[in-house]
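Enquirer: What follows is query_36.tsv; its format and atoms are TSV, C-alpha atoms.
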```
chain	number	residue	atom	x	y	z
A	198	MET	CA	5.83	15.67	-3.63
A	199	ILE	CA	5.12	19.25	-2.67
A	200	ALA	CA	3.43	18.07	0.54
A	201	GLY	CA	6.51	16.09	1.57
A	202	GLU	CA	8.85	19.01	0.90
A	203	TYR	CA	6.53	21.47	2.64
A	204	ILE	CA	6.16	19.39	5.78
A	205	ASP	CA	9.91	18.71	5.83
A	206	THR	CA	10.77	22.42	5.86
A	207	GLU	CA	7.85	23.39	8.10
A	208	LEU	CA	8.90	20.94	10.81
A	209	GLU	CA	12.61	21.84	10.89
A	210	GLY	CA	13.77	22.11	14.48
A	211	LYS	CA	10.71	20.27	15.81
A	212	SER	CA	10.45	16.80	17.22
A	213	ILE	CA	8.32	14.55	15.03
A	214	SER	CA	7.15	10.95	15.15
A	215	ARG	CA	8.72	8.20	13.10
A	216	GLU	CA	5.45	7.94	11.17
A	217	ILE	CA	5.64	11.59	10.11
A	218	LEU	CA	9.31	11.16	9.18
A	219	GLU	CA	8.40	8.21	6.95
A	220	TYR	CA	5.50	10.20	5.44
A	221	ILE	CA	7.86	13.07	4.61
A	222	HIS	CA	10.43	10.75	3.06
A	223	LYS	CA	7.87	8.79	1.04
A	224	ASN	CA	6.35	11.99	-0.28
A	225	LYS	CA	9.48	13.72	-1.47
A	226	THR	CA	11.60	11.81	-3.98
A	227	GLY	CA	9.39	8.76	-3.42
A	228	ALA	CA	6.39	10.48	-4.98
A	229	LEU	CA	8.37	11.31	-8.11
A	230	LEU	CA	9.78	7.78	-8.44
A	231	ARG	CA	6.37	6.24	-7.77
A	232	LEU	CA	4.84	8.36	-10.54
A	233	CYS	CA	7.54	7.42	-13.06
A	234	VAL	CA	7.34	3.69	-12.36
A	235	ARG	CA	3.52	3.62	-12.34
A	236	MET	CA	3.32	5.59	-15.58
A	237	GLY	CA	5.71	3.17	-17.27
A	238	ALA	CA	3.74	0.20	-15.99
A	239	ILE	CA	0.40	1.65	-17.07
A	240	LEU	CA	1.68	2.68	-20.50
A	241	GLY	CA	3.16	-0.81	-20.87
A	242	ASN	CA	-0.28	-2.33	-20.19
A	243	ALA	CA	0.87	-4.02	-16.98
A	244	SER	CA	-1.66	-6.02	-15.02
A	245	LYS	CA	-3.16	-4.62	-11.84
A	246	GLU	CA	-0.99	-7.03	-9.82
A	247	ASP	CA	2.16	-5.87	-11.62
A	248	ILE	CA	1.26	-2.21	-11.06
A	249	ILE	CA	0.90	-2.92	-7.34
A	250	LYS	CA	4.27	-4.72	-7.18
A	251	LEU	CA	6.01	-1.98	-9.14
A	252	THR	CA	4.38	0.72	-7.01
A	253	ASN	CA	5.65	-1.04	-3.88
A	254	TYR	CA	9.11	-1.20	-5.44
A	255	ALA	CA	9.03	2.50	-6.30
A	256	GLU	CA	7.88	3.51	-2.81
A	257	LYS	CA	10.72	1.51	-1.30
A	258	ILE	CA	13.43	2.98	-3.54
A	259	GLY	CA	12.04	6.45	-2.90
A	260	LEU	CA	12.36	5.84	0.83
A	261	THR	CA	15.86	4.40	0.41
A	262	PHE	CA	16.88	7.47	-1.59
A	263	GLN	CA	15.88	9.73	1.30
A	264	ILE	CA	17.45	7.52	3.97
A	265	LYS	CA	20.70	7.45	1.98
A	266	ASP	CA	20.47	11.24	1.69
A	267	ASP	CA	20.22	11.43	5.51
A	268	ILE	CA	23.25	9.16	5.85
A	269	LEU	CA	25.28	11.16	3.33
A	270	SER	CA	24.38	14.36	5.17
A	271	GLU	CA	25.99	12.82	8.23
A	272	GLU	CA	29.09	11.18	6.76
A	273	GLY	CA	29.36	12.06	3.09
A	274	ASN	CA	32.20	13.82	1.30
A	275	GLU	CA	31.34	17.49	0.69
A	276	GLU	CA	33.44	17.64	-2.46
A	277	ILE	CA	31.57	14.69	-3.98
A	278	LEU	CA	28.15	15.67	-2.61
A	279	GLY	CA	28.37	19.27	-3.71
A	280	LYS	CA	26.67	20.39	-0.49
A	281	PRO	CA	27.71	20.77	3.13
A	282	VAL	CA	27.88	17.64	5.28
A	283	GLY	CA	26.13	18.07	8.63
A	284	ASN	CA	23.62	20.54	7.21
A	285	ASP	CA	20.62	18.49	8.39
A	286	LYS	CA	21.98	18.49	11.94
A	287	LYS	CA	22.67	22.23	11.78
A	288	LEU	CA	19.10	22.89	10.57
A	289	GLU	CA	17.80	20.53	13.28
A	290	LYS	CA	15.98	18.46	10.68
A	291	CYS	CA	14.47	15.23	11.80
A	292	THR	CA	16.14	12.51	9.75
A	293	TYR	CA	16.55	8.77	9.92
A	294	VAL	CA	19.99	9.36	11.42
A	295	SER	CA	18.62	11.65	14.16
A	296	GLN	CA	15.75	9.24	14.87
A	297	TYR	CA	17.55	5.89	14.65
A	298	GLY	CA	21.27	6.64	14.67
A	299	LEU	CA	23.75	6.08	11.85
A	300	LYS	CA	24.21	2.32	12.30
A	301	LYS	CA	20.49	1.56	12.51
A	302	SER	CA	19.77	3.86	9.54
A	303	LYS	CA	22.22	1.84	7.45
A	304	GLU	CA	20.51	-1.38	8.56
A	305	ILE	CA	17.10	0.04	7.61
A	306	LEU	CA	18.51	1.16	4.25
A	307	ASP	CA	19.79	-2.36	3.58
A	308	LYS	CA	16.51	-3.98	4.65
A	309	ILE	CA	14.30	-1.74	2.49
A	310	THR	CA	16.62	-2.13	-0.52
A	311	LYS	CA	16.31	-5.91	-0.21
A	312	GLU	CA	12.52	-5.59	0.08
A	313	ALA	CA	12.44	-3.44	-3.08
A	314	ILE	CA	14.47	-6.01	-4.99
A	315	GLU	CA	12.24	-8.80	-3.68
A	316	GLU	CA	9.23	-7.06	-5.30
A	317	LEU	CA	10.94	-7.70	-8.67
A	318	LYS	CA	11.76	-11.37	-8.10
A	319	GLU	CA	9.22	-12.85	-10.48
A	320	TYR	CA	10.33	-10.63	-13.39
A	321	GLY	CA	13.75	-12.26	-13.72
A	322	GLU	CA	16.15	-10.67	-16.20
A	323	LYS	CA	13.49	-8.19	-17.35
A	324	ALA	CA	13.88	-6.35	-14.05
A	325	GLU	CA	17.68	-6.18	-14.04
A	326	PHE	CA	17.71	-2.41	-14.62
A	327	LEU	CA	15.33	-1.84	-11.72
A	328	ARG	CA	17.38	-4.10	-9.42
A	329	ASN	CA	20.54	-2.22	-10.38
A	330	LEU	CA	18.77	1.08	-9.78
A	331	ALA	CA	17.85	0.02	-6.23
A	332	LEU	CA	21.45	-1.01	-5.55
A	333	TYR	CA	22.79	2.21	-7.06
A	334	ILE	CA	20.54	4.27	-4.75
A	335	GLN	CA	21.69	2.26	-1.75
A	336	ASN	CA	25.39	2.60	-2.57
A	337	ARG	CA	25.56	6.10	-4.09
A	338	ASN	CA	27.99	8.65	-2.68
A	339	LYS	CA	26.27	11.77	-3.99
```
Write the structure described by the file as structure tokens, please.

Expert:
Amino acid sequence: MIAGEYIDTELEGKSISREILEYIHKNKTGALLRLCVRMGAILGNASKEDIIKLTNYAEKIGLTFQIKDDILSEEGNEEILGKPVGNDKKLEKCTYVSQYGLKKSKEILDKITKEAIEELKEYGEKAEFLRNLALYIQNRNK
């Protein structure tokens, strides 16, 4: 998580590849979410296959959290967000919006959210909270 944050701030104002952007996003909030989900799975004596599926889910929702953050920085409501809109642009941060544009970023957000939910398919009702969490992240306004 520290690596993702460090690289993010270190590369402000610099042009970076899409691979580095994804690395940064996966290793910020994604690292924290991945840890929480894996710990729960391990403590719950999940099988190796389940741990892999849940890790994939967590990585995807971590990435969607950051993509949504990029989108909110572009078009969010400052009063709801509690931080300035357009700050990423002002700091010349490389974001999904600056790399792909707003429309494409929203499409990517939708695609990855669906992929995260698909990882939970075989768990049925037991995974309802995790499905709702993925949708909450996708649709949040702060």

Enquirer: Please measure the separation of CA of Leu232 (chain A) and CA of Ile248 (chain A), giving the value in Å to one decimal.

Expert: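 Calculated distance between CA of Leu232 (chain A) and CA of Ile248 (chain A) is 11.2 Å.
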
Enquirer: Excluding Lys286 (chain A) and any residue of its chain fewer than 6 positions from it, enumerate the residues within 12 Å of it, using all atoms listed in the file, and give them as a list in words.

Expert: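 The residues that qualify are Glu209, Gly210, Asp267, Ile268, Leu269, Ser270, Glu271, Glu272, Thr292, Tyr293, Val294, Ser295 and Gln296 of chain A.
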
Enquirer: Distance table requested - region 229-256 of chain A against region 319-338 of chain A, cut-off 12 Å, all atoms listed in the file: one row per qualifying residue with the closest atom pair and its distance in Å to one decimal, ordered by chain and rising residue number, as a tab-separated table.

Expert:
```
residue	atom	partner	partner_atom	distance
A:Leu230	CA	A:Leu330	CA	11.3
A:Val234	CA	A:Leu327	CA	9.7
A:Glu246	CA	A:Glu319	CA	11.8
A:Asp247	CA	A:Tyr320	CA	9.6
A:Lys250	CA	A:Glu319	CA	10.1
A:Leu251	CA	A:Leu327	CA	9.7
A:Tyr254	CA	A:Ala331	CA	8.9
A:Ala255	CA	A:Ala331	CA	9.2
A:Glu256	CA	A:Ala331	CA	11.1
```

Enquirer: What is the CA of Glu216 (chain A)-CA of Gly279 (chain A) distance in Å, reported with one decimal?

Expert: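 Separation of CA of Glu216 (chain A) and CA of Gly279 (chain A): 29.6 Å.
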
Enquirer: Mind checking which residues fall within 7 Å of region 222-224 of chain A, counting only C-alpha atoms, ignoring those fewer than 5 positions away in the same chain, and posting them as a PyMOL selection string?

Expert: chain A and resi 198+200-201+256+259-260+263

Enquirer: Could you name the residues that touch Leu278 (chain A) at 7 Å or less, counting only C-alpha atoms, but leaving out those on the same chain fewer than 4 positions away, as a VMD selection string?

Expert: chain A and resid 273 to 274 339

Enquirer: With distances taken over all atoms listed in the file, which residue among A:Lys257, A:Lys318, A:Lys211, A:Lys301 lies nearest Glu289 (chain A)?

Expert: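 Residue with the minimum atom-to-atom distance to Glu289 (chain A): A:Lys211.
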
Enquirer: CA of Lys308 (chain A) and CA of Glu202 (chain A) are how many Å apart?

Expert: 24.5 Å

Enquirer: Taking all listed atoms of region 284-302 of chain A, build the axis-aligned box, pad each of the six sides by 6 Å, then write its centre and edge lengths in Å to one decimal as AutoDock Vina command-line options.

Expert:
```
--center_x 19.3 --center_y 12.2 --center_z 11.0 --size_x 21.7 --size_y 33.3 --size_z 19.7
```

Enquirer: Pick out the closest residue to Lys225 (chain A) from this set: A:Gly237, A:Lys280, A:Tyr203, A:Lys245. Count only C-alpha atoms.

Expert: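 The shortest atom-to-atom distance to Lys225 (chain A) comes from A:Tyr203.
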